[in-house]
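Read through the structure below, which is laid out as structure tokens, and then see the notes.
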Number of protein chains: 2
Amino acid sequence: MVYDLIIIGGGPAGMTAGIYAARQKLKILLISKDFGGQMAKKAVAIENYPGFEEISGLDLIKRFEKHLRKQTIDIERDEVGKMKKIDNSFFIWTSNKNKFESKTVIIASGSDPRPLEVPGEKEFIGKGVSYCAVCDGPLFSGKEVAVIGGGNSGFETAQFLNSIAKKIYILEYGSEVKADSKNQEIVKKGGKTEIITNVLLKEIKGDTFVNSIVYQDRKTKEDKILSVEGIFVEIGSQPATSFIKDLVDFNEEDEIKIDPETCQTKTPGLFAAGDVTAGRFKQIVIAAGQGSKAALSVFDYLKNTK
Amino acid sequence: MVYDLIIIGGGPAGMTAGIYAARQKLKILLISKDFGGQMAKKAVAIENYPGFEEISGLDLIKRFEKHLRKQTIDIERDEVGKMKKIDNSFFIWTSNKNKFESKTVIIASGSDPRPLEVPGEKEFIGKGVSYCAVCDGPLFSGKEVAVIGGGNSGFETAQFLNSIAKKIYILEYGSEVKADSKNQEIVKKGGKTEIITNVLLKEIKGDTFVNSIVYQDRKTKEDKILSVEGIFVEIGSQPATSFIKDLVDFNEEDEIKIDPETCQTKTPGLFAAGDVTAGRFKQIVIAAGQGSKAALSVFDYLKNTK
């Protein structure tokens with residue numbers, strides 16, 4: 001059996017692509033270990049997916065999944081290990097050693113925020129630890145928070161939090177921050193941010209919610225405690241692209257380059273959507289919009305290659 | 001009072017931009033005569049906005065509007081008549097002669113149905129000629145009607161009319177219809193629709209109300225008369241951009257050209273999102289995704305021009 005389309009990934013982009021492609025009567029397989037992508041990690045309410053004033057990540061995933069499963073679509077709960085294009089077909093091998101063939105592929109495998117990997121991090125996700133200031137920032141109105149990471153995304157997070165939080169600390173492992181000077185200048189102007197360098201993070205503490213960070217000052221080797229109620233982790237992300245190799249071009253952050261109008265990669269028949277791509281903004285509704293675009297582009301592609 | 005952002009339009013793009021921008025604590029005004037944009041005109045249930053398996057256009061608008069109104073945002077129920085940029089400010093005059101000033105603008109004014117421009121069309125608007133099946137369809141109970149245009153919206157209109165009209169003709173200019181196969185199949189199943197291709201429309205005739213269409217069969221060059229009492233026009237749309245003038249560049253279809261990554265137009269501080277822009281695909285979730293992008297770009301812009 002040759003599929004018209006294989007979708008890799010079950011987050012907002014992949015599920016939306018599935019909903020759209022199924023309505024075009026394509027033979028579709030969606031491969032994903034689980035549903036929801038980054039939505040699954042949001043233990044706090046999502047307030048910016050239009051149509052839902054406030055909904056938990058898990059509830060929104062359930063709604064997407066139910067919507068997807070109403071369509072005619074095969075679903076394989078597995079991970080993709082390898083992908084090759086031979087002539088006009090894509091071949092995909094999964095971790096469970098299954099092999100699938102398809103005329104087109106949409107890569108929607110998403111990306112994961114790079115975790116801190118310190119004690120307390122996992123326990124306090126959704127209880128003070130956040131990987132998305134745009135999503136969760138408003139919950140920290142009037143509070144003292146820390147942003148981990150002194151790169152551009154850390155500084156942009158601090159800028160964003162400037163109108164919300166009472167005080168912001170940026171904690172940087174190195175001896176100086178890496179954000180560009182414009183971002184540094186804006187944060188300075190904001191007047192609420194204190195930068196601490198040479199920070200070796202040791203532990204996140206709290207009771208029901210986060211109340212402090214323990215870190216070592218790498219210069220003095222002294223342990224210190226910082227009282228904060230929110231921790232925003234901004235030490236980069238990891239796009240899930242290990243199986244793709246040279247079928248696509250990547251940007252510096254290992255994200256897939258696409259034509260933003262059609263979601264086309266450099267390989268004909270191969271599309272990508274959502275957080276795995278090189279887009280400037282990562283949001284559920286943006287990923288969903290891209291999934292829709294990618295599916296409609298697949299339909300155009302199949303029509304034109306018939 | 002100078003706003004940080006004025007959003008022009010209350011469809012999916014404008015409402016999503018409002019939701020996102022308000023969460024960044026910007027001072028925002030949204031100007032729109034009504035809410036919902038083209039969603040308000042949807043004849044059949046919406047089945048492709050992720051999260052809702054099936055919802056009417058009006059219900060989805062209500063959900064978006066409730067979500068928007070939960071934010072801190074000024075709303076002006078009016079139309080924009082004129083817009084100018086003077087130094088670093090945008091000035092907007094409405095039909096009711098109000099004047100507003102803002103540092104940035106998102107144009108999300110959507111598009112209107114494209115008219116047929118044949119004799120009889122204007123005379124019979126509201127007397128058999130309709131651009132909104134959801135609004136006017138019920139008036140044609142038990143009657144024979146024609147839908148002009150064989151794209152998705154034409155077929156969706158035929159689906160909607162299937163439970164109302166006695167017989168439906170879909171008239172298509174091209175040699176084949178363009179609707180996706182799902183839509184074609186549903187219409188076929190409905191059992192009431194006859195598709196006529198190669199139709200060059202010549203005139204709409206009637207006395208008090210429409211009673212027929214005159215068209216040329218483009219293959220045989222023969223003139224034909226079709227007896228119908230209702231005509232639903234579904235041949236695309238015209239972007240609502242009369243107030244913008246030379247602040248943006250347009251494509252051949254009078255849609256606004258933007259950078260698809262940031263929704264930036266050629267004028268700094270001026271952004272556009274949704275069906276008014278030159279995107280390849282027009283979908284609610286794509287428009288919403290663009291609204292989100294535009295709002296996040298406005299935030300970046302304001303940050304960098306402070």
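Letters A, B, ... go to the chains of the structure tokens in the order shown; residues in each chain start at 1; ligands are counted from 1 in the same order.
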
Could you give me the residues within range 104-306 of chain A that DSSP places in helix (DSSP H, G or I), as number ranges by chain?
-> A: 133-140, 152-161, 181-190, 245-247, 274-276, 284-305

Find the residues around Cys132 in chain B up to 7 Å (only C-alpha atoms counted), leave out those fewer than 3 positions away in its own chain, and share them as a PyMOL selection string.
-> chain B and resi 41+135-136

Atoms to include: N, CA, C and O atoms. Write the selected residues as a PDB file, in the first residue's frame.
```
ATOM      1  N   LYS B  41     -20.785  34.423   6.962  1.00  0.00           N
ATOM      2  CA  LYS B  41     -21.491  34.090   5.723  1.00  0.00           C
ATOM      3  C   LYS B  41     -21.441  32.612   5.391  1.00  0.00           C
ATOM      4  O   LYS B  41     -21.916  32.175   4.357  1.00  0.00           O
ATOM      5  N   CYS B 135     -27.664  33.506   4.832  1.00  0.00           N
ATOM      6  CA  CYS B 135     -28.624  34.561   5.144  1.00  0.00           C
ATOM      7  C   CYS B 135     -29.925  34.354   4.371  1.00  0.00           C
ATOM      8  O   CYS B 135     -31.015  34.451   4.915  1.00  0.00           O
ATOM      9  N   ASP B 136     -29.813  34.111   3.064  1.00  0.00           N
ATOM     10  CA  ASP B 136     -30.974  34.173   2.178  1.00  0.00           C
ATOM     11  C   ASP B 136     -31.528  32.810   1.762  1.00  0.00           C
ATOM     12  O   ASP B 136     -32.654  32.726   1.275  1.00  0.00           O
TER      13      ASP B 136
END
```

I want to know what sits within 7 Å of Gly81 in chain B, based on only C-alpha atoms, with residues of the same chain fewer than 4 positions away left out; could you give that as a PDB file with N, CA, C and O atoms, in the first residue's frame?
```
ATOM      1  N   TRP B  93      -9.468  57.784   9.954  1.00  0.00           N
ATOM      2  CA  TRP B  93     -10.773  58.430  10.026  1.00  0.00           C
ATOM      3  C   TRP B  93     -11.853  57.396   9.712  1.00  0.00           C
ATOM      4  O   TRP B  93     -11.717  56.645   8.736  1.00  0.00           O
ATOM      5  N   THR B  94     -12.896  57.358  10.503  1.00  0.00           N
ATOM      6  CA  THR B  94     -13.955  56.389  10.258  1.00  0.00           C
ATOM      7  C   THR B  94     -15.116  57.049   9.516  1.00  0.00           C
ATOM      8  O   THR B  94     -15.159  58.272   9.370  1.00  0.00           O
ATOM      9  N   SER B  95     -16.058  56.219   9.069  1.00  0.00           N
ATOM     10  CA  SER B  95     -17.250  56.730   8.371  1.00  0.00           C
ATOM     11  C   SER B  95     -18.037  57.691   9.245  1.00  0.00           C
ATOM     12  O   SER B  95     -18.662  58.615   8.751  1.00  0.00           O
ATOM     13  N   PHE B 243      -9.306  52.009   1.583  1.00  0.00           N
ATOM     14  CA  PHE B 243      -8.834  53.098   2.450  1.00  0.00           C
ATOM     15  C   PHE B 243      -7.306  53.182   2.565  1.00  0.00           C
ATOM     16  O   PHE B 243      -6.765  54.065   3.208  1.00  0.00           O
TER      17      PHE B 243
END
```

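Between chain B and its sequence-identical counterpart chain A, the C-alpha RMSD after optimal superposition is 6.3 Å.
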
With only C-alpha atoms as the atoms that count, which of A:Glu255, A:Asp275, A:Asp4, A:Glu65 lies nearest to Thr104 in chain A?
-> A:Asp4

Selection: 8 Å around Gly9 in chain A, only C-alpha atoms, excl. self and same-chain fewer than 5 positions, as a PyMOL selection string | chain A and resi 14-15+30-33+35+37+107-110

Just to be explicit: take each residue in the selection above, keep N, CA and C atoms, and write the result as an mmCIF file, in the first residue's frame.
```cif
data_model
loop_
_atom_site.group_PDB
_atom_site.id
_atom_site.type_symbol
_atom_site.label_atom_id
_atom_site.label_comp_id
_atom_site.auth_asym_id
_atom_site.auth_seq_id
_atom_site.Cartn_x
_atom_site.Cartn_y
_atom_site.Cartn_z
ATOM 1 N N GLY A 14 0.606 18.768 12.935
ATOM 2 C CA GLY A 14 0.343 17.451 12.358
ATOM 3 C C GLY A 14 -1.137 17.100 12.380
ATOM 4 N N MET A 15 -1.796 17.381 13.508
ATOM 5 C CA MET A 15 -3.223 17.050 13.599
ATOM 6 C C MET A 15 -4.052 17.895 12.641
ATOM 7 N N LEU A 30 -0.754 8.939 9.809
ATOM 8 C CA LEU A 30 -0.102 9.859 10.741
ATOM 9 C C LEU A 30 0.724 9.026 11.716
ATOM 10 N N ILE A 31 2.024 9.328 11.789
ATOM 11 C CA ILE A 31 2.914 8.599 12.692
ATOM 12 C C ILE A 31 3.311 9.516 13.841
ATOM 13 N N SER A 32 2.976 9.093 15.045
ATOM 14 C CA SER A 32 3.392 9.883 16.204
ATOM 15 C C SER A 32 3.336 9.008 17.439
ATOM 16 N N LYS A 33 4.301 9.178 18.312
ATOM 17 C CA LYS A 33 4.302 8.391 19.543
ATOM 18 C C LYS A 33 3.138 8.811 20.426
ATOM 19 N N PHE A 35 0.037 12.277 21.132
ATOM 20 C CA PHE A 35 -0.645 13.441 20.582
ATOM 21 C C PHE A 35 -0.372 14.692 21.416
ATOM 22 N N GLY A 37 2.019 17.256 21.096
ATOM 23 C CA GLY A 37 3.257 18.015 20.982
ATOM 24 C C GLY A 37 3.493 18.830 22.234
ATOM 25 N N ILE A 107 6.438 16.869 7.476
ATOM 26 C CA ILE A 107 7.177 16.743 8.740
ATOM 27 C C ILE A 107 6.614 17.753 9.724
ATOM 28 N N ALA A 108 6.034 17.256 10.786
ATOM 29 C CA ALA A 108 5.468 18.128 11.822
ATOM 30 C C ALA A 108 5.881 17.568 13.171
ATOM 31 N N SER A 109 7.168 17.245 13.248
ATOM 32 C CA SER A 109 7.665 16.527 14.424
ATOM 33 C C SER A 109 7.998 17.441 15.588
ATOM 34 N N GLY A 110 7.834 18.756 15.387
ATOM 35 C CA GLY A 110 7.937 19.688 16.501
ATOM 36 C C GLY A 110 9.325 19.872 17.062
#
```

Within 8 Å of chain B, which residues of chain A show up when using only C-alpha atoms, listed as a compact mmCIF listing (two decimals) with all heavy atoms, in the first residue's frame?
```
# COMPACT_ATOMS: atom_id res chain seq x y z
N THR A 16 -3.72 19.18 12.53
CA THR A 16 -4.47 20.03 11.59
C THR A 16 -4.23 19.57 10.16
O THR A 16 -5.17 19.52 9.35
CB THR A 16 -4.07 21.51 11.77
OG1 THR A 16 -4.30 21.90 13.12
CG2 THR A 16 -4.87 22.41 10.84
N ILE A 19 -6.50 16.65 9.59
CA ILE A 19 -7.91 17.03 9.43
C ILE A 19 -8.14 17.57 8.01
O ILE A 19 -9.08 17.18 7.33
CB ILE A 19 -8.31 18.10 10.48
CG1 ILE A 19 -8.33 17.47 11.88
CG2 ILE A 19 -9.66 18.72 10.14
CD1 ILE A 19 -8.32 18.49 13.03
N TYR A 20 -7.25 18.45 7.57
CA TYR A 20 -7.41 19.04 6.24
C TYR A 20 -7.22 18.02 5.12
O TYR A 20 -7.99 17.99 4.16
CB TYR A 20 -6.45 20.22 6.05
CG TYR A 20 -7.11 21.53 6.37
CD1 TYR A 20 -7.20 21.99 7.68
CD2 TYR A 20 -7.69 22.30 5.38
CE1 TYR A 20 -7.83 23.18 7.98
CE2 TYR A 20 -8.33 23.49 5.66
CZ TYR A 20 -8.39 23.93 6.95
OH TYR A 20 -9.03 25.11 7.24
N ARG A 23 -10.09 15.53 4.61
CA ARG A 23 -11.25 16.12 3.93
C ARG A 23 -11.05 16.17 2.43
O ARG A 23 -12.00 16.37 1.68
CB ARG A 23 -11.54 17.51 4.50
CG ARG A 23 -12.10 17.45 5.91
CD ARG A 23 -12.26 18.83 6.51
NE ARG A 23 -13.11 19.69 5.73
CZ ARG A 23 -14.44 19.64 5.72
NH1 ARG A 23 -15.06 18.74 6.46
NH2 ARG A 23 -15.14 20.45 4.98
N GLN A 24 -9.81 16.02 1.98
CA GLN A 24 -9.54 15.94 0.53
C GLN A 24 -9.56 14.50 0.04
O GLN A 24 -9.14 14.22 -1.09
CB GLN A 24 -8.16 16.53 0.21
CG GLN A 24 -7.88 17.87 0.84
CD GLN A 24 -8.44 19.00 0.03
OE1 GLN A 24 -9.06 18.76 -0.98
NE2 GLN A 24 -8.25 20.21 0.48
N LYS A 25 -9.92 13.57 0.91
CA LYS A 25 -10.03 12.15 0.53
C LYS A 25 -8.68 11.54 0.15
O LYS A 25 -8.61 10.66 -0.71
CB LYS A 25 -11.01 11.97 -0.64
CG LYS A 25 -12.42 12.42 -0.34
CD LYS A 25 -13.13 11.34 0.39
CE LYS A 25 -14.35 11.83 1.12
NZ LYS A 25 -14.93 10.86 2.02
N ASN A 48 -4.61 31.52 24.66
CA ASN A 48 -4.43 32.26 23.40
C ASN A 48 -4.71 31.42 22.15
O ASN A 48 -4.30 31.79 21.06
CB ASN A 48 -3.04 32.90 23.34
CG ASN A 48 -1.92 31.87 23.47
OD1 ASN A 48 -2.19 30.67 23.40
ND2 ASN A 48 -0.71 32.32 23.67
N PRO A 50 -7.51 30.85 19.74
CA PRO A 50 -8.79 31.56 19.56
C PRO A 50 -9.99 30.61 19.57
O PRO A 50 -9.99 29.58 18.89
CB PRO A 50 -8.63 32.22 18.18
CG PRO A 50 -7.16 32.28 17.93
CD PRO A 50 -6.56 31.11 18.63
N GLY A 51 -10.98 30.99 20.32
CA GLY A 51 -12.17 30.17 20.45
C GLY A 51 -12.29 29.57 21.84
O GLY A 51 -13.36 29.16 22.26
N PHE A 52 -11.15 29.50 22.53
CA PHE A 52 -11.13 28.98 23.90
C PHE A 52 -10.49 30.02 24.82
O PHE A 52 -9.29 30.22 24.77
CB PHE A 52 -10.34 27.67 23.98
CG PHE A 52 -10.91 26.56 23.16
CD1 PHE A 52 -10.45 26.30 21.89
CD2 PHE A 52 -11.95 25.79 23.67
CE1 PHE A 52 -11.00 25.27 21.12
CE2 PHE A 52 -12.50 24.76 22.92
CZ PHE A 52 -12.03 24.51 21.64
N GLU A 53 -11.33 30.66 25.65
CA GLU A 53 -10.78 31.68 26.54
C GLU A 53 -9.74 31.08 27.46
O GLU A 53 -8.76 31.71 27.82
CB GLU A 53 -11.89 32.26 27.41
CG GLU A 53 -12.85 33.11 26.65
CD GLU A 53 -14.11 33.30 27.46
OE1 GLU A 53 -14.04 33.89 28.54
OE2 GLU A 53 -15.17 32.80 27.01
N LEU A 60 -7.33 20.63 25.30
CA LEU A 60 -7.26 21.08 23.90
C LEU A 60 -6.75 19.95 23.00
O LEU A 60 -7.25 19.75 21.89
CB LEU A 60 -6.38 22.33 23.78
CG LEU A 60 -6.42 23.04 22.41
CD1 LEU A 60 -7.83 23.40 22.00
CD2 LEU A 60 -5.55 24.31 22.42
N ARG A 63 -9.56 17.66 22.26
CA ARG A 63 -10.45 18.20 21.24
C ARG A 63 -9.86 18.03 19.84
O ARG A 63 -10.55 17.65 18.91
CB ARG A 63 -10.73 19.69 21.49
CG ARG A 63 -11.21 20.00 22.88
CD ARG A 63 -12.59 20.50 23.03
NE ARG A 63 -13.28 20.95 21.87
CZ ARG A 63 -14.45 21.58 21.92
NH1 ARG A 63 -15.02 21.80 23.10
NH2 ARG A 63 -15.06 21.94 20.83
N PHE A 64 -8.57 18.34 19.71
CA PHE A 64 -7.88 18.15 18.43
C PHE A 64 -7.91 16.66 18.04
O PHE A 64 -8.19 16.31 16.89
CB PHE A 64 -6.42 18.61 18.52
CG PHE A 64 -6.18 20.06 18.17
CD1 PHE A 64 -6.69 21.09 18.95
CD2 PHE A 64 -5.41 20.41 17.08
CE1 PHE A 64 -6.44 22.42 18.64
CE2 PHE A 64 -5.15 21.74 16.75
CZ PHE A 64 -5.67 22.75 17.53
N LYS A 66 -9.92 14.21 18.97
CA LYS A 66 -11.26 13.76 18.62
C LYS A 66 -11.61 14.23 17.20
O LYS A 66 -12.17 13.47 16.40
CB LYS A 66 -12.26 14.33 19.64
CG LYS A 66 -13.60 13.65 19.66
CD LYS A 66 -14.43 14.06 20.87
CE LYS A 66 -15.90 13.77 20.62
NZ LYS A 66 -16.76 14.96 20.87
N HIS A 67 -11.26 15.46 16.93
CA HIS A 67 -11.52 16.05 15.61
C HIS A 67 -10.77 15.24 14.53
O HIS A 67 -11.32 14.90 13.49
CB HIS A 67 -11.04 17.50 15.63
CG HIS A 67 -11.57 18.35 14.50
ND1 HIS A 67 -11.53 19.72 14.53
CD2 HIS A 67 -12.16 18.03 13.32
CE1 HIS A 67 -12.07 20.20 13.41
NE2 HIS A 67 -12.44 19.20 12.67
N LYS A 70 -12.15 11.67 13.87
CA LYS A 70 -13.41 11.63 13.14
C LYS A 70 -13.16 11.44 11.64
O LYS A 70 -14.05 11.06 10.89
CB LYS A 70 -14.17 12.95 13.39
CG LYS A 70 -15.67 12.80 13.26
CD LYS A 70 -16.36 14.14 13.35
CE LYS A 70 -17.77 14.05 12.85
NZ LYS A 70 -18.34 15.40 12.63
N PRO A 138 1.35 36.01 31.77
CA PRO A 138 0.31 36.75 32.49
C PRO A 138 -0.04 36.18 33.87
O PRO A 138 -0.57 36.90 34.72
CB PRO A 138 -0.89 36.67 31.54
CG PRO A 138 -0.27 36.59 30.18
CD PRO A 138 0.97 35.76 30.37
N PHE A 160 9.31 40.85 27.50
CA PHE A 160 7.88 40.52 27.51
C PHE A 160 7.32 40.60 28.92
O PHE A 160 6.21 41.07 29.14
CB PHE A 160 7.68 39.12 26.93
CG PHE A 160 6.25 38.68 26.93
CD1 PHE A 160 5.38 39.14 25.95
CD2 PHE A 160 5.76 37.84 27.91
CE1 PHE A 160 4.05 38.76 25.95
CE2 PHE A 160 4.43 37.45 27.92
CZ PHE A 160 3.58 37.92 26.93
N SER A 163 6.26 44.27 31.53
CA SER A 163 4.99 44.94 31.86
C SER A 163 4.12 44.09 32.77
O SER A 163 3.03 44.49 33.15
CB SER A 163 4.23 45.25 30.57
OG SER A 163 3.99 44.06 29.86
N LYS A 182 21.02 45.52 21.30
CA LYS A 182 19.68 46.12 21.24
C LYS A 182 18.78 45.50 22.31
O LYS A 182 18.11 46.21 23.06
CB LYS A 182 19.08 45.88 19.84
CG LYS A 182 17.69 46.45 19.65
CD LYS A 182 17.75 47.93 19.36
CE LYS A 182 16.35 48.53 19.41
NZ LYS A 182 16.34 49.96 19.14
N ILE A 186 17.17 47.38 25.60
CA ILE A 186 15.74 47.45 25.88
C ILE A 186 15.43 46.93 27.27
O ILE A 186 14.63 47.51 28.02
CB ILE A 186 14.96 46.64 24.82
CG1 ILE A 186 15.13 47.28 23.45
CG2 ILE A 186 13.48 46.57 25.18
CD1 ILE A 186 14.75 46.36 22.31
N PRO A 260 7.33 29.87 3.32
CA PRO A 260 6.24 30.06 4.30
C PRO A 260 4.84 30.10 3.68
O PRO A 260 3.86 29.93 4.38
CB PRO A 260 6.60 31.39 4.97
CG PRO A 260 7.61 32.04 4.11
CD PRO A 260 8.29 30.96 3.32
N GLU A 261 4.73 30.31 2.37
CA GLU A 261 3.41 30.32 1.74
C GLU A 261 2.86 28.91 1.50
O GLU A 261 1.65 28.69 1.51
CB GLU A 261 3.47 31.05 0.39
CG GLU A 261 3.15 32.52 0.43
CD GLU A 261 1.96 32.84 1.32
OE1 GLU A 261 0.99 32.07 1.39
OE2 GLU A 261 2.02 33.89 1.96
N THR A 262 3.76 27.96 1.24
CA THR A 262 3.31 26.62 0.84
C THR A 262 3.83 25.52 1.77
O THR A 262 3.42 24.37 1.65
CB THR A 262 3.82 26.28 -0.57
OG1 THR A 262 5.26 26.33 -0.55
CG2 THR A 262 3.30 27.28 -1.61
N GLY A 279 10.28 29.17 11.45
CA GLY A 279 9.44 30.36 11.63
C GLY A 279 9.87 31.18 12.83
O GLY A 279 10.43 30.66 13.80
N ARG A 280 9.59 32.48 12.76
CA ARG A 280 9.99 33.41 13.81
C ARG A 280 9.20 33.17 15.09
O ARG A 280 9.72 33.29 16.19
CB ARG A 280 9.72 34.82 13.27
CG ARG A 280 9.80 35.97 14.24
CD ARG A 280 11.17 36.59 14.27
NE ARG A 280 11.22 37.66 15.26
CZ ARG A 280 11.28 37.45 16.57
NH1 ARG A 280 11.29 36.23 17.05
NH2 ARG A 280 11.35 38.47 17.41
N PHE A 281 7.91 32.85 14.97
CA PHE A 281 7.05 32.73 16.15
C PHE A 281 6.52 31.31 16.31
O PHE A 281 6.06 30.71 15.34
CB PHE A 281 5.86 33.70 16.05
CG PHE A 281 6.26 35.13 15.84
CD1 PHE A 281 5.99 35.77 14.64
CD2 PHE A 281 6.93 35.83 16.82
CE1 PHE A 281 6.35 37.10 14.43
CE2 PHE A 281 7.30 37.15 16.63
CZ PHE A 281 7.01 37.79 15.43
N VAL A 285 -1.70 28.30 17.39
CA VAL A 285 -2.55 28.68 16.26
C VAL A 285 -1.73 28.90 14.98
O VAL A 285 -2.22 28.67 13.87
CB VAL A 285 -3.44 29.91 16.61
CG1 VAL A 285 -2.61 31.19 16.74
CG2 VAL A 285 -4.54 30.09 15.57
N ILE A 286 -0.47 29.31 15.14
CA ILE A 286 0.40 29.47 13.98
C ILE A 286 0.77 28.09 13.42
O ILE A 286 0.72 27.86 12.21
CB ILE A 286 1.66 30.29 14.34
CG1 ILE A 286 1.27 31.74 14.66
CG2 ILE A 286 2.68 30.26 13.18
CD1 ILE A 286 2.41 32.61 15.16
N ALA A 287 1.11 27.16 14.31
CA ALA A 287 1.42 25.79 13.88
C ALA A 287 0.21 25.16 13.18
O ALA A 287 0.35 24.52 12.14
CB ALA A 287 1.85 24.95 15.08
N ALA A 288 -0.97 25.36 13.74
CA ALA A 288 -2.18 24.81 13.15
C ALA A 288 -2.40 25.41 11.75
O ALA A 288 -2.70 24.68 10.79
CB ALA A 288 -3.39 25.07 14.05
N GLY A 289 -2.24 26.71 11.64
CA GLY A 289 -2.36 27.36 10.34
C GLY A 289 -1.39 26.78 9.32
O GLY A 289 -1.75 26.51 8.17
N GLN A 290 -0.17 26.52 9.75
CA GLN A 290 0.82 25.91 8.85
C GLN A 290 0.43 24.49 8.46
O GLN A 290 0.65 24.08 7.32
CB GLN A 290 2.19 25.88 9.52
CG GLN A 290 2.91 27.22 9.47
CD GLN A 290 4.37 27.06 9.83
OE1 GLN A 290 4.72 26.26 10.70
NE2 GLN A 290 5.22 27.83 9.19
N SER A 292 -2.53 23.38 8.08
CA SER A 292 -3.57 23.54 7.06
C SER A 292 -2.93 23.87 5.71
O SER A 292 -3.24 23.24 4.68
CB SER A 292 -4.53 24.66 7.51
OG SER A 292 -5.24 25.18 6.42
N LYS A 293 -2.01 24.82 5.70
CA LYS A 293 -1.30 25.19 4.46
C LYS A 293 -0.60 23.99 3.85
O LYS A 293 -0.68 23.76 2.64
CB LYS A 293 -0.23 26.24 4.76
CG LYS A 293 -0.70 27.66 4.79
CD LYS A 293 0.52 28.58 4.92
CE LYS A 293 0.09 29.97 5.33
NZ LYS A 293 1.23 30.86 5.54
N LEU A 296 -3.02 21.55 2.20
CA LEU A 296 -3.57 22.08 0.95
C LEU A 296 -2.49 22.08 -0.14
O LEU A 296 -2.79 21.84 -1.32
CB LEU A 296 -4.15 23.48 1.18
CG LEU A 296 -5.37 23.51 2.13
CD1 LEU A 296 -5.73 24.94 2.52
CD2 LEU A 296 -6.58 22.81 1.51
```

Leaving out Gly230 in chain B and any residue of its chain fewer than 6 positions from it, which residues lie within 12 Å of it when counting only C-alpha atoms, given as a VMD selection string?
-> chain B and resid 121 124 to 133 136 to 148 161 164 to 170 204 to 206 209 to 213

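Within range 222-283 of chain A, residues classed as strand (DSSP E or B) by DSSP on backbone coordinates are Glu222, Asp223, Lys224, Ile225, Leu226, Ser227, Gly230, Ile231, Phe232, Val233, Ser237, Gln238, Pro239, Phe250, Ile256, Gln264, Leu270, Phe271, Ala272 and Thr277 of chain A.
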
Prev. selection, C-alpha atoms, output as an mmCIF file, in the first residue's frame:
```
data_model
loop_
_atom_site.group_PDB
_atom_site.id
_atom_site.type_symbol
_atom_site.label_atom_id
_atom_site.label_comp_id
_atom_site.auth_asym_id
_atom_site.auth_seq_id
_atom_site.Cartn_x
_atom_site.Cartn_y
_atom_site.Cartn_z
ATOM 1 C CA GLU A 222 29.493 30.114 46.903
ATOM 2 C CA ASP A 223 25.943 28.659 46.970
ATOM 3 C CA LYS A 224 23.189 31.242 46.818
ATOM 4 C CA ILE A 225 19.416 31.281 47.055
ATOM 5 C CA LEU A 226 17.212 33.519 44.952
ATOM 6 C CA SER A 227 13.551 33.973 45.955
ATOM 7 C CA GLY A 230 8.353 31.937 38.392
ATOM 8 C CA ILE A 231 11.134 30.388 36.320
ATOM 9 C CA PHE A 232 11.226 30.790 32.551
ATOM 10 C CA VAL A 233 13.594 28.369 30.841
ATOM 11 C CA SER A 237 15.169 24.182 21.789
ATOM 12 C CA GLN A 238 15.739 20.944 20.021
ATOM 13 C CA PRO A 239 13.865 20.434 16.727
ATOM 14 C CA PHE A 250 18.319 23.726 8.070
ATOM 15 C CA ILE A 256 13.779 23.208 8.653
ATOM 16 C CA GLN A 264 7.436 23.278 0.761
ATOM 17 C CA LEU A 270 8.260 16.968 1.165
ATOM 18 C CA PHE A 271 6.591 19.628 3.310
ATOM 19 C CA ALA A 272 7.102 20.777 6.891
ATOM 20 C CA THR A 277 10.304 24.810 10.891
#
```

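When CA of Lys192 in chain A is paired with CA of Thr220 in chain A, their separation reads 25.5 Å.
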
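The closest residue to Lys178 in chain A, picked from A:Ile106, A:Ile235, A:Val214, A:Val276 and counting only C-alpha atoms, is A:Ile235.
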
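CA of Val248 in chain A lies 6.5 Å from CA of Thr267 in chain A.
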